>>> print(open('protein23.tsv').read())   # TSV, C-alpha atoms (C1' of nucleotides)
chain	number	residue	atom	x	y	z
A	495	MET	CA	0.00	0.00	0.00
A	496	GLY	CA	1.00	3.58	-0.58
A	497	GLY	CA	3.05	3.26	-3.72
A	498	CYS	CA	5.43	5.99	-4.69
A	499	PRO	CA	4.38	7.31	-8.10
A	500	GLN	CA	2.19	10.39	-7.62
A	501	SER	CA	1.76	13.81	-9.15
A	502	ASN	CA	3.54	16.77	-7.69
A	503	ILE	CA	0.29	18.27	-6.50
A	504	GLU	CA	-0.61	15.08	-4.69
A	505	LEU	CA	2.80	14.99	-3.07
A	506	ASP	CA	2.42	18.60	-2.00
A	507	ASN	CA	-0.96	17.82	-0.48
A	508	LYS	CA	0.40	14.82	1.35
A	509	ARG	CA	3.25	16.85	2.73
A	510	GLN	CA	0.89	19.59	3.80
A	511	GLN	CA	-1.37	17.09	5.54
A	512	LEU	CA	1.53	15.45	7.28
A	513	ALA	CA	2.88	18.82	8.33
A	514	ASP	CA	-0.51	19.75	9.75
A	515	ARG	CA	-0.70	16.59	11.84
A	516	LEU	CA	2.86	17.05	12.99
A	517	ALA	CA	2.13	20.64	13.96
A	518	ALA	CA	-0.77	19.35	16.02
A	519	ILE	CA	1.56	17.33	18.20
A	520	ALA	CA	4.49	19.75	18.06
A	521	HIS	CA	3.59	21.38	21.34
A	522	PRO	CA	4.57	20.26	24.82
A	523	HIS	CA	1.12	20.70	26.30
A	524	ARG	CA	-0.53	18.81	23.49
A	525	LEU	CA	1.99	16.03	23.89
A	526	GLN	CA	1.13	15.92	27.56
A	527	ILE	CA	-2.57	15.87	26.74
A	528	LEU	CA	-2.00	12.92	24.45
A	529	GLU	CA	-0.18	11.15	27.27
A	530	GLU	CA	-3.01	11.80	29.66
A	531	LEU	CA	-5.55	10.57	27.16
A	532	GLY	CA	-3.47	7.50	26.50
A	533	ARG	CA	-3.25	6.70	30.18
A	534	ALA	CA	-7.00	6.27	30.48
A	535	ASP	CA	-9.73	5.26	28.12
A	536	CYS	CA	-11.87	8.35	28.14
A	537	VAL	CA	-10.99	11.66	29.70
A	538	CYS	CA	-13.14	14.74	29.95
A	539	CYS	CA	-11.83	18.25	29.48
A	540	GLY	CA	-11.91	19.12	33.15
A	541	GLU	CA	-9.73	16.20	34.04
A	542	VAL	CA	-7.10	17.36	31.62
A	543	VAL	CA	-7.36	20.86	33.02
A	544	SER	CA	-6.68	19.54	36.51
A	545	ARG	CA	-3.46	17.93	35.30
A	546	LEU	CA	-2.03	20.74	33.21
A	547	PRO	CA	-0.82	24.12	34.43
A	548	ILE	CA	-2.91	26.12	31.93
A	549	ALA	CA	-6.37	27.61	31.81
A	550	GLN	CA	-9.49	25.73	30.86
A	551	SER	CA	-10.02	27.74	27.71
A	552	THR	CA	-6.52	26.93	26.58
A	553	VAL	CA	-6.98	23.22	27.19
A	554	SER	CA	-10.20	23.30	25.25
A	555	GLN	CA	-8.43	24.88	22.32
A	556	HIS	CA	-5.64	22.31	22.43
A	557	LEU	CA	-8.18	19.52	22.44
A	558	LYS	CA	-9.90	21.11	19.49
A	559	ILE	CA	-6.64	21.26	17.59
A	560	LEU	CA	-5.93	17.61	18.29
A	561	ALA	CA	-9.45	16.69	17.25
A	562	LYS	CA	-9.21	18.71	14.07
A	563	ALA	CA	-6.06	16.82	13.21
A	564	GLY	CA	-7.97	13.59	13.74
A	565	LEU	CA	-5.66	12.38	16.47
A	566	VAL	CA	-8.36	12.58	19.11
A	567	GLU	CA	-12.06	11.76	19.07
A	568	VAL	CA	-14.80	13.52	20.96
A	569	ASN	CA	-18.01	12.15	22.37
A	570	SER	CA	-20.34	14.43	24.23
A	571	ALA	CA	-21.88	12.71	27.23
A	572	GLY	CA	-24.23	14.98	29.07
A	573	GLN	CA	-22.49	18.16	30.07
A	574	LYS	CA	-19.13	16.59	29.54
A	575	SER	CA	-17.12	15.96	26.45
A	576	LEU	CA	-15.19	12.75	26.51
A	577	TYR	CA	-11.96	12.65	24.61
A	578	ARG	CA	-10.02	9.60	23.57
A	579	VAL	CA	-6.96	8.97	21.46
A	580	ASN	CA	-7.59	7.84	17.92
A	581	ALA	CA	-5.01	5.10	17.93
A	582	ILE	CA	-5.43	4.43	14.24
A	583	ALA	CA	-4.67	8.02	13.35
A	584	VAL	CA	-1.64	8.03	15.60
A	585	ARG	CA	-0.35	4.87	14.02
A	586	THR	CA	-0.96	6.25	10.55
A	587	LEU	CA	0.95	9.35	11.49
A	588	LEU	CA	3.86	7.25	12.69
A	589	GLU	CA	3.85	5.28	9.47
A	590	ASP	CA	3.79	8.43	7.39
A	591	VAL	CA	6.70	9.88	9.28
A	592	SER	CA	8.73	6.72	9.06
A	593	SER	CA	8.08	6.44	5.34
A	594	LEU	CA	9.73	9.83	5.03
A	595	GLN	CA	13.10	8.25	4.57
A	596	ALA	CA	11.87	4.93	3.28
A	597	CYS	CA	10.09	6.03	0.13
A	598	CYS	CA	11.88	6.81	-3.07
A	599	ARG	CA	15.37	5.95	-1.99
A	600	ALA	CA	17.53	2.97	-1.27
A	601	ALA	CA	16.91	2.50	2.42
A	602	GLY	CA	20.47	1.54	3.13
A	603	LYS	CA	21.37	4.31	5.53
A	604	ILE	CA	19.01	3.29	8.26
A	605	GLU	CA	20.02	-0.34	8.39
A	606	ASP	CA	23.57	0.79	8.97
A	607	LEU	CA	22.50	2.12	12.33
A	608	GLU	CA	21.96	-1.30	13.81
A	609	ASP	CA	25.58	-1.54	14.87
A	610	ILE	CA	25.91	1.57	16.95
B	1407	MET	CA	17.27	2.31	28.11
B	1408	GLY	CA	14.92	5.19	28.65
B	1409	GLY	CA	13.06	4.01	31.68
B	1410	CYS	CA	9.88	5.69	32.74
B	1411	PRO	CA	10.41	7.13	36.23
B	1412	GLN	CA	11.48	10.75	35.95
B	1413	SER	CA	10.79	14.02	37.64
B	1414	ASN	CA	8.15	16.35	36.34
B	1415	ILE	CA	10.72	18.85	35.25
B	1416	GLU	CA	12.59	16.23	33.31
B	1417	LEU	CA	9.38	15.13	31.66
B	1418	ASP	CA	8.57	18.71	30.77
B	1419	ASN	CA	12.00	19.13	29.26
B	1420	LYS	CA	11.64	15.94	27.26
B	1421	ARG	CA	8.29	17.03	25.95
B	1422	GLN	CA	9.66	20.43	25.04
B	1423	GLN	CA	12.57	18.88	23.20
B	1424	LEU	CA	10.34	16.49	21.35
B	1425	ALA	CA	7.98	19.32	20.47
B	1426	ASP	CA	10.90	21.33	19.12
B	1427	ARG	CA	12.05	18.51	16.88
B	1428	LEU	CA	8.52	17.89	15.72
B	1429	ALA	CA	8.06	21.57	14.96
B	1430	ALA	CA	11.20	21.38	12.85
B	1431	ILE	CA	9.62	18.85	10.53
B	1432	ALA	CA	6.07	20.20	10.78
B	1433	HIS	CA	6.37	22.21	7.61
B	1434	PRO	CA	5.76	21.03	4.06
B	1435	HIS	CA	8.88	22.62	2.64
B	1436	ARG	CA	11.07	21.20	5.36
B	1437	LEU	CA	9.56	17.80	4.79
B	1438	GLN	CA	10.39	18.17	1.13
B	1439	ILE	CA	13.90	19.26	1.97
B	1440	LEU	CA	14.35	16.16	4.08
B	1441	GLU	CA	13.14	14.08	1.15
B	1442	GLU	CA	15.60	15.73	-1.17
B	1443	LEU	CA	18.43	15.25	1.27
B	1444	GLY	CA	17.45	11.63	1.74
B	1445	ARG	CA	17.46	11.02	-1.99
B	1446	ALA	CA	21.15	11.83	-2.28
B	1447	ASP	CA	24.10	11.63	0.03
B	1448	CYS	CA	25.11	15.24	0.19
B	1449	VAL	CA	23.20	18.17	-1.17
B	1450	CYS	CA	24.23	21.78	-1.25
B	1451	CYS	CA	21.88	24.64	-0.57
B	1452	GLY	CA	21.61	25.71	-4.20
B	1453	GLU	CA	20.48	22.29	-5.27
B	1454	VAL	CA	17.65	22.41	-2.79
B	1455	VAL	CA	16.75	25.88	-3.99
B	1456	SER	CA	16.50	24.60	-7.55
B	1457	ARG	CA	13.99	21.97	-6.47
B	1458	LEU	CA	11.75	24.05	-4.23
B	1459	PRO	CA	9.52	26.95	-5.25
B	1460	ILE	CA	10.86	29.35	-2.64
B	1461	ALA	CA	13.65	31.87	-2.40
B	1462	GLN	CA	17.24	31.04	-1.53
B	1463	SER	CA	17.14	32.93	1.74
B	1464	THR	CA	14.09	30.97	2.80
B	1465	VAL	CA	15.71	27.66	1.97
B	1466	SER	CA	18.77	28.66	3.93
B	1467	GLN	CA	16.60	29.40	6.94
B	1468	HIS	CA	14.78	26.09	6.65
B	1469	LEU	CA	18.09	24.27	6.51
B	1470	LYS	CA	19.24	26.16	9.56
B	1471	ILE	CA	16.13	25.15	11.44
B	1472	LEU	CA	16.61	21.50	10.52
B	1473	ALA	CA	20.25	21.71	11.53
B	1474	LYS	CA	19.43	23.36	14.83
B	1475	ALA	CA	17.04	20.50	15.55
B	1476	GLY	CA	19.88	18.11	14.84
B	1477	LEU	CA	18.06	16.38	12.03
B	1478	VAL	CA	20.54	17.58	9.44
B	1479	GLU	CA	24.28	18.00	9.45
B	1480	VAL	CA	26.32	20.64	7.67
B	1481	ASN	CA	29.77	20.49	6.19
B	1482	SER	CA	31.21	23.49	4.50
B	1483	ALA	CA	33.17	22.55	1.40
B	1484	GLY	CA	34.63	25.56	-0.31
B	1485	GLN	CA	31.94	28.05	-1.13
B	1486	LYS	CA	29.29	25.46	-0.70
B	1487	SER	CA	27.65	24.01	2.35
B	1488	LEU	CA	26.85	20.36	2.09
B	1489	TYR	CA	23.86	19.12	3.96
B	1490	ARG	CA	23.00	15.56	4.82
B	1491	VAL	CA	20.34	13.86	6.87
B	1492	ASN	CA	21.32	12.79	10.36
B	1493	ALA	CA	19.76	9.37	10.18
B	1494	ILE	CA	20.40	8.67	13.82
B	1495	ALA	CA	18.54	11.76	14.91
B	1496	VAL	CA	15.64	10.92	12.62
B	1497	ARG	CA	15.44	7.44	14.02
B	1498	THR	CA	15.60	8.74	17.58
B	1499	LEU	CA	12.79	11.14	16.79
B	1500	LEU	CA	10.70	8.28	15.45
B	1501	GLU	CA	11.38	6.25	18.56
B	1502	ASP	CA	10.45	9.12	20.82
B	1503	VAL	CA	7.20	9.68	19.00
B	1504	SER	CA	6.28	6.03	19.03
B	1505	SER	CA	7.04	5.77	22.72
B	1506	LEU	CA	4.43	8.44	23.24
B	1507	GLN	CA	1.73	5.84	23.58
B	1508	ALA	CA	3.98	3.00	24.66
B	1509	CYS	CA	5.41	4.43	27.87
B	1510	CYS	CA	3.49	4.43	31.11
B	1511	ARG	CA	0.42	2.57	30.00
B	1512	ALA	CA	-0.71	-0.90	29.09
B	1513	ALA	CA	0.02	-0.91	25.40
B	1514	GLY	CA	-3.02	-2.94	24.57
B	1515	LYS	CA	-4.80	-0.50	22.32
B	1516	ILE	CA	-2.28	-0.52	19.54
B	1517	GLU	CA	-2.03	-4.26	19.18
B	1518	ASP	CA	-5.78	-4.35	18.70
B	1519	LEU	CA	-5.26	-2.54	15.44
B	1520	GLU	CA	-3.67	-5.52	13.78
B	1521	ASP	CA	-7.06	-6.90	12.77
B	1522	ILE	CA	-8.48	-3.97	10.89
C	1097	DG	C1'	-38.06	27.36	36.70
C	1098	DC	C1'	-33.53	28.29	38.86
C	1099	DC	C1'	-28.89	27.49	39.90
C	1100	DA	C1'	-24.61	24.84	39.39
C	1101	DT	C1'	-21.41	22.59	36.46
C	1102	DT	C1'	-18.98	21.77	32.33
C	1103	DT	C1'	-17.35	23.00	27.95
C	1104	DA	C1'	-16.89	25.99	23.93
C	1105	DT	C1'	-16.32	30.38	22.02
C	1106	DC	C1'	-15.10	35.38	21.77
C	1107	DG	C1'	-12.06	39.21	22.14
C	1108	DC	C1'	-7.67	40.58	23.06
C	1109	DT	C1'	-2.56	40.80	23.56
C	1110	DT	C1'	1.94	39.08	22.82
C	1111	DA	C1'	5.30	36.53	20.51
C	1112	DG	C1'	7.11	33.98	16.88
C	1113	DC	C1'	6.93	31.88	12.03
C	1114	DG	C1'	7.42	32.17	7.13
C	1115	DA	C1'	8.35	34.62	3.31
C	1116	DC	C1'	10.87	37.98	0.65
C	1117	DG	C1'	14.56	41.26	-1.13
C	1118	DA	C1'	18.81	43.23	-0.17
C	1119	DT	C1'	23.21	42.70	1.37
C	1120	DA	C1'	27.20	40.84	3.78
C	1121	DA	C1'	30.72	37.16	3.93
C	1122	DA	C1'	33.41	33.59	2.12
C	1123	DT	C1'	35.50	31.23	-1.58
C	1124	DA	C1'	36.57	30.32	-6.87
C	1125	DT	C1'	37.85	32.00	-11.10
C	1126	DT	C1'	40.20	34.63	-14.46
D	1377	DA	C1'	43.17	42.39	-8.01
D	1378	DA	C1'	38.73	42.21	-9.77
D	1379	DT	C1'	34.71	39.59	-10.55
D	1380	DA	C1'	31.57	35.88	-10.03
D	1381	DT	C1'	29.39	32.39	-7.31
D	1382	DT	C1'	27.48	30.50	-3.23
D	1383	DT	C1'	25.60	30.81	1.21
D	1384	DA	C1'	24.24	33.24	5.48
D	1385	DT	C1'	22.26	37.08	7.68
D	1386	DC	C1'	19.46	41.31	8.29
D	1387	DG	C1'	15.30	43.97	8.20
D	1388	DT	C1'	10.58	44.01	7.20
D	1389	DC	C1'	5.83	42.59	6.48
D	1390	DG	C1'	1.82	39.83	7.20
D	1391	DC	C1'	-0.13	36.22	9.58
D	1392	DT	C1'	-1.01	32.70	12.80
D	1393	DA	C1'	-0.17	30.47	17.34
D	1394	DA	C1'	-0.65	30.55	22.28
D	1395	DG	C1'	-2.24	32.26	26.21
D	1396	DC	C1'	-5.76	34.48	29.19
D	1397	DG	C1'	-10.27	36.24	31.17
D	1398	DA	C1'	-14.94	36.78	30.34
D	1399	DT	C1'	-18.98	34.98	28.70
D	1400	DA	C1'	-22.13	32.17	26.08
D	1401	DA	C1'	-24.22	27.53	25.57
D	1402	DA	C1'	-25.66	23.16	27.03
D	1403	DT	C1'	-26.86	19.88	30.49
D	1404	DG	C1'	-27.78	18.08	35.40
D	1405	DG	C1'	-29.75	18.61	39.80
D	1406	DC	C1'	-32.83	20.80	43.17
>>> encode(input="protein23.tsv", output="structure tokens")
Amino acid sequence: MGGCPQSNIELDNKRQQLADRLAAIAHPHRLQILEELGRADCVCCGEVVSRLPIAQSTVSQHLKILAKAGLVEVNSAGQKSLYRVNAIAVRTLLEDVSSLQACCRAAGKIEDLEDI
Amino acid sequence: MGGCPQSNIELDNKRQQLADRLAAIAHPHRLQILEELGRADCVCCGEVVSRLPIAQSTVSQHLKILAKAGLVEVNSAGQKSLYRVNAIAVRTLLEDVSSLQACCRAAGKIEDLEDI
DNA sequence: GCCATTTATCGCTTAGCGACGATAAATATT
DNA sequence: AATATTTATCGTCGCTAAGCGATAAATGGC
């Protein structure tokens, strides 16, 4: 899956998408939020707020950013909003990042690292 | 290596560092630059400029950002500066990202993805 | 219906990114 | 020595991110 030959526009779009998802996790507080979400199954906004040193509005925005990137899913349950990690999206992101150096080149450099 | 128990400050620092490295690659042009560098062994700045649709000064800044993050190494050779991917740093980054959901929780969720 | 709780949104300020052109700095070339 | 080439840096502009407090919106409980 995910063969190499694509048009330049498609490649640009893929890079843009990947960059967007990377930007979503390129923030210490959002990384911490992902950790907190990963620790439990479902976490509501307030619980995250109680564990981070930032305001509730800020946490809500971070959660929105993560959700927009697809890395987190929301389910409203009564007053609360329950957030959970989208493990598939996270895995896909990891695969896309790791294929950065795998696609379109002889992947010899990486194997050389085994003996370090 | 890389055991879990750490102080909060250390964890904050680790998250900040990871966020910095992620921010370095969270840009479509920098992703493309990494691809171009990965395609060859050593690439000079001008070669990158000829392959990207942005100005030379901008490329130079992007390369500087990647170098500052440690993902790229520089060697000045005459007038030129030769850039190459730091494969070790890239691999470390991948490991750090993937340990996001592995550390400090029962890693059951991910394995469940096998059958999708 | 009224109040409390929880979350999302709005308005604002501050800081930093991304892009460019112009120019400095370093090295080749003739 | 003078010129060309290559890269790095500077200054500037526009824009978006990140944070906050205040407030709206939605739901639960009394």
>>> interface_residues(input="protein23.tsv", of="chain C", to="chain B", cutoff="10 Å", atoms="all atoms listed in the file", output="PDB file with C-alpha atoms (C1' of nucleotides), in the frame of the given file")
ATOM      1  C1'  DG C1114       7.420  32.170   7.130  1.00  0.00           C
ATOM      2  C1'  DA C1115       8.350  34.620   3.310  1.00  0.00           C
ATOM      3  C1'  DC C1116      10.870  37.980   0.650  1.00  0.00           C
ATOM      4  C1'  DG C1117      14.560  41.260  -1.130  1.00  0.00           C
ATOM      5  C1'  DA C1122      33.410  33.590   2.120  1.00  0.00           C
ATOM      6  C1'  DT C1123      35.500  31.230  -1.580  1.00  0.00           C
ATOM      7  C1'  DA C1124      36.570  30.320  -6.870  1.00  0.00           C
TER       8       DA C1124
END
>>> residues_around(input="protein23.tsv", residues="Leu576 (chain A)", least_positions_apart="6", cutoff="9 Å", atoms="only C-alpha atoms (C1' of nucleotides)", output="list of chain:residue names")
A:Cys536, A:Val537, A:Cys538, A:Cys539, A:Glu567, A:Val568, A:Asn569, A:Ser570
>>> write_last_selection(input="protein23.tsv", atoms="C-alpha atoms", output="compact mmCIF listing (two decimals), keeping the file's coordinate frame")
# COMPACT_ATOMS: atom_id res chain seq x y z
CA CYS A 536 -11.87 8.35 28.14
CA VAL A 537 -10.99 11.66 29.70
CA CYS A 538 -13.14 14.74 29.95
CA CYS A 539 -11.83 18.25 29.48
CA GLU A 567 -12.06 11.76 19.07
CA VAL A 568 -14.80 13.52 20.96
CA ASN A 569 -18.01 12.15 22.37
CA SER A 570 -20.34 14.43 24.23
>>> interface_residues(input="protein23.tsv", of="chain D", to="chain B", cutoff="9 Å", atoms="only C-alpha atoms (C1' of nucleotides)", output="PyMOL selection string")
chain D and resi 1381-1385
>>> write_last_selection(input="protein23.tsv", atoms="C-alpha atoms (C1' of nucleotides)", output="PDB file, in the coordinates of the input")
ATOM      1  C1'  DT D1381      29.390  32.390  -7.310  1.00  0.00           C
ATOM      2  C1'  DT D1382      27.480  30.500  -3.230  1.00  0.00           C
ATOM      3  C1'  DT D1383      25.600  30.810   1.210  1.00  0.00           C
ATOM      4  C1'  DA D1384      24.240  33.240   5.480  1.00  0.00           C
ATOM      5  C1'  DT D1385      22.260  37.080   7.680  1.00  0.00           C
TER       6       DT D1385
END
>>> calpha_fit_and_write(input="protein23.tsv", fixed="chain A", moving="chain B", output="short mmCIF file (atom, residue, chain, number, x, y, z; two decimals) with C-alpha atoms, in the frame of the given file")
data_model
loop_
_atom_site.label_atom_id
_atom_site.label_comp_id
_atom_site.auth_asym_id
_atom_site.auth_seq_id
_atom_site.Cartn_x
_atom_site.Cartn_y
_atom_site.Cartn_z
CA MET B 1407 -0.48 0.17 -0.31
CA GLY B 1408 0.81 3.67 -0.67
CA GLY B 1409 2.93 3.32 -3.74
CA CYS B 1410 5.39 5.99 -4.67
CA PRO B 1411 4.40 7.37 -8.08
CA GLN B 1412 2.23 10.43 -7.62
CA SER B 1413 1.82 13.83 -9.13
CA ASN B 1414 3.57 16.82 -7.68
CA ILE B 1415 0.34 18.29 -6.49
CA GLU B 1416 -0.57 15.11 -4.71
CA LEU B 1417 2.83 15.02 -3.08
CA ASP B 1418 2.45 18.61 -2.00
CA ASN B 1419 -0.92 17.82 -0.50
CA LYS B 1420 0.46 14.82 1.33
CA ARG B 1421 3.29 16.85 2.73
CA GLN B 1422 0.91 19.58 3.80
CA GLN B 1423 -1.34 17.08 5.53
CA LEU B 1424 1.56 15.44 7.27
CA ALA B 1425 2.89 18.82 8.33
CA ASP B 1426 -0.52 19.71 9.75
CA ARG B 1427 -0.68 16.55 11.82
CA LEU B 1428 2.87 17.04 12.99
CA ALA B 1429 2.12 20.63 13.95
CA ALA B 1430 -0.77 19.32 16.01
CA ILE B 1431 1.55 17.32 18.21
CA ALA B 1432 4.48 19.75 18.07
CA HIS B 1433 3.57 21.38 21.34
CA PRO B 1434 4.55 20.27 24.83
CA HIS B 1435 1.09 20.69 26.30
CA ARG B 1436 -0.54 18.79 23.48
CA LEU B 1437 1.99 16.03 23.89
CA GLN B 1438 1.11 15.92 27.55
CA ILE B 1439 -2.57 15.86 26.73
CA LEU B 1440 -2.01 12.90 24.46
CA GLU B 1441 -0.18 11.17 27.28
CA GLU B 1442 -3.02 11.81 29.66
CA LEU B 1443 -5.57 10.58 27.17
CA GLY B 1444 -3.47 7.50 26.52
CA ARG B 1445 -3.26 6.72 30.21
CA ALA B 1446 -7.01 6.28 30.50
CA ASP B 1447 -9.76 5.26 28.15
CA CYS B 1448 -11.88 8.36 28.17
CA VAL B 1449 -11.00 11.67 29.71
CA CYS B 1450 -13.14 14.75 29.97
CA CYS B 1451 -11.84 18.24 29.47
CA GLY B 1452 -11.91 19.15 33.15
CA GLU B 1453 -9.73 16.22 34.05
CA VAL B 1454 -7.11 17.38 31.61
CA VAL B 1455 -7.36 20.88 33.00
CA SER B 1456 -6.69 19.56 36.49
CA ARG B 1457 -3.47 17.94 35.30
CA LEU B 1458 -2.04 20.75 33.20
CA PRO B 1459 -0.85 24.15 34.40
CA ILE B 1460 -2.91 26.13 31.91
CA ALA B 1461 -6.37 27.63 31.77
CA GLN B 1462 -9.50 25.74 30.82
CA SER B 1463 -10.04 27.73 27.65
CA THR B 1464 -6.53 26.92 26.52
CA VAL B 1465 -6.99 23.22 27.16
CA SER B 1466 -10.22 23.29 25.22
CA GLN B 1467 -8.43 24.85 22.28
CA HIS B 1468 -5.64 22.29 22.41
CA LEU B 1469 -8.18 19.50 22.42
CA LYS B 1470 -9.90 21.08 19.46
CA ILE B 1471 -6.65 21.22 17.57
CA LEU B 1472 -5.92 17.57 18.28
CA ALA B 1473 -9.44 16.65 17.25
CA LYS B 1474 -9.22 18.65 14.05
CA ALA B 1475 -6.04 16.76 13.20
CA GLY B 1476 -7.95 13.55 13.76
CA LEU B 1477 -5.65 12.34 16.49
CA VAL B 1478 -8.37 12.54 19.11
CA GLU B 1479 -12.04 11.73 19.08
CA VAL B 1480 -14.81 13.48 20.98
CA ASN B 1481 -18.02 12.15 22.41
CA SER B 1482 -20.34 14.43 24.24
CA ALA B 1483 -21.87 12.74 27.27
CA GLY B 1484 -24.21 15.02 29.12
CA GLN B 1485 -22.46 18.20 30.10
CA LYS B 1486 -19.12 16.63 29.56
CA SER B 1487 -17.12 15.95 26.46
CA LEU B 1488 -15.19 12.74 26.53
CA TYR B 1489 -11.97 12.63 24.63
CA ARG B 1490 -10.02 9.59 23.59
CA VAL B 1491 -6.96 8.95 21.48
CA ASN B 1492 -7.57 7.81 17.93
CA ALA B 1493 -4.99 5.07 17.94
CA ILE B 1494 -5.40 4.40 14.27
CA ALA B 1495 -4.64 7.98 13.36
CA VAL B 1496 -1.61 7.99 15.64
CA ARG B 1497 -0.31 4.85 14.05
CA THR B 1498 -0.90 6.21 10.57
CA LEU B 1499 0.99 9.35 11.51
CA LEU B 1500 3.90 7.24 12.72
CA GLU B 1501 3.89 5.27 9.50
CA ASP B 1502 3.83 8.41 7.41
CA VAL B 1503 6.74 9.88 9.29
CA SER B 1504 8.79 6.73 9.08
CA SER B 1505 8.12 6.44 5.37
CA LEU B 1506 9.73 9.83 5.02
CA GLN B 1507 13.12 8.26 4.57
CA ALA B 1508 11.90 4.91 3.32
CA CYS B 1509 10.06 5.98 0.17
CA CYS B 1510 11.86 6.77 -3.04
CA ARG B 1511 15.37 5.94 -2.00
CA ALA B 1512 17.57 2.97 -1.26
CA ALA B 1513 16.90 2.53 2.42
CA GLY B 1514 20.44 1.55 3.17
CA LYS B 1515 21.36 4.30 5.57
CA ILE B 1516 19.00 3.32 8.31
CA GLU B 1517 19.97 -0.31 8.47
CA ASP B 1518 23.55 0.78 8.99
CA LEU B 1519 22.49 2.15 12.33
CA GLU B 1520 21.96 -1.27 13.81
CA ASP B 1521 25.62 -1.53 14.79
CA ILE B 1522 26.03 1.59 16.83
#
>>> closest_atom_pairs(input="protein23.tsv", of="chain B", to="chain A", cutoff="6 Å", atoms="all atoms listed in the file", output="Markdown table")
| residue | atom | partner | partner_atom | distance |
| --- | --- | --- | --- | --- |
| B:Arg1421 | CA | A:Pro522 | CA | 5.1 |
| B:Gln1422 | CA | A:Pro522 | CA | 5.1 |
| B:Ala1425 | CA | A:Ala520 | CA | 4.3 |
| B:Leu1428 | CA | A:Ala520 | CA | 5.0 |
| B:Ala1429 | CA | A:Ala520 | CA | 5.1 |
| B:Ala1432 | CA | A:Ala513 | CA | 4.3 |
| B:His1433 | CA | A:Ala513 | CA | 4.9 |
| B:Pro1434 | CA | A:Arg509 | CA | 5.1 |
| B:Arg1445 | CA | A:Arg599 | CA | 5.5 |
| B:Arg1511 | CA | A:Arg533 | CA | 5.5 |
>>> axis_aligned_box(input="protein23.tsv", around="region 563-579 of chain A", padding_each_side="4 Å", output="JSON")
{"center_x": -14.9, "center_y": 13.6, "center_z": 21.6, "size_x": 26.6, "size_y": 17.2, "size_z": 24.9}
>>> atom_distance(input="protein23.tsv", atom1="C1' of DT1101 (chain C)", atom2="CA of Leu557 (chain A)")
19.5 Å
>>> atom_distance(input="protein23.tsv", atom1="C1' of DT1403 (chain D)", atom2="C1' of DG1097 (chain C)")
14.8 Å
>>> atom_distance(input="protein23.tsv", atom1="C1' of DG1405 (chain D)", atom2="C1' of DA1100 (chain C)")
8.1 Å
>>> residues_around(input="protein23.tsv", residues="DT1399 (chain D)", least_positions_apart="3", cutoff="12 Å", atoms="all atoms listed in the file", output="CSV table (one decimal) with C-alpha atoms (C1' of nucleotides), in the frame of the given file")
chain,number,residue,atom,x,y,z
A,551,SER,CA,-10.0,27.7,27.7
C,1104,DA,C1',-16.9,26.0,23.9
C,1105,DT,C1',-16.3,30.4,22.0
C,1106,DC,C1',-15.1,35.4,21.8
C,1107,DG,C1',-12.1,39.2,22.1
>>> residues_around(input="protein23.tsv", residues="DC1113 (chain C)", least_positions_apart="5", cutoff="10 Å", atoms="all atoms listed in the file", output="list in words")
DC1391, DT1392 and DA1393 of chain D
>>> decode(input="protein23.tsv", residues="region 1439-1449 of chain B", atoms="N, CA and C atoms", output="compact mmCIF listing (two decimals), in the first residue's frame")
# COMPACT_ATOMS: atom_id res chain seq x y z
N ILE B 1439 12.44 19.16 1.89
CA ILE B 1439 13.90 19.26 1.97
C ILE B 1439 14.49 17.97 2.51
N LEU B 1440 13.87 17.42 3.53
CA LEU B 1440 14.35 16.16 4.08
C LEU B 1440 14.29 15.06 3.02
N GLU B 1441 13.22 15.07 2.23
CA GLU B 1441 13.14 14.08 1.15
C GLU B 1441 14.28 14.25 0.17
N GLU B 1442 14.53 15.48 -0.20
CA GLU B 1442 15.60 15.73 -1.17
C GLU B 1442 16.95 15.32 -0.60
N LEU B 1443 17.16 15.63 0.65
CA LEU B 1443 18.43 15.25 1.27
C LEU B 1443 18.54 13.73 1.36
N GLY B 1444 17.41 13.09 1.63
CA GLY B 1444 17.45 11.63 1.74
C GLY B 1444 17.70 10.95 0.41
N ARG B 1445 17.31 11.61 -0.67
CA ARG B 1445 17.46 11.02 -1.99
C ARG B 1445 18.93 10.89 -2.36
N ALA B 1446 19.73 11.86 -1.96
CA ALA B 1446 21.15 11.83 -2.28
C ALA B 1446 21.96 11.72 -1.00
N ASP B 1447 23.24 11.72 -1.15
CA ASP B 1447 24.10 11.63 0.03
C ASP B 1447 24.33 13.00 0.63
N CYS B 1448 24.81 13.89 -0.22
CA CYS B 1448 25.11 15.24 0.19
C CYS B 1448 24.50 16.20 -0.80
N VAL B 1449 23.83 17.20 -0.29
CA VAL B 1449 23.20 18.17 -1.17
C VAL B 1449 23.58 19.56 -0.69
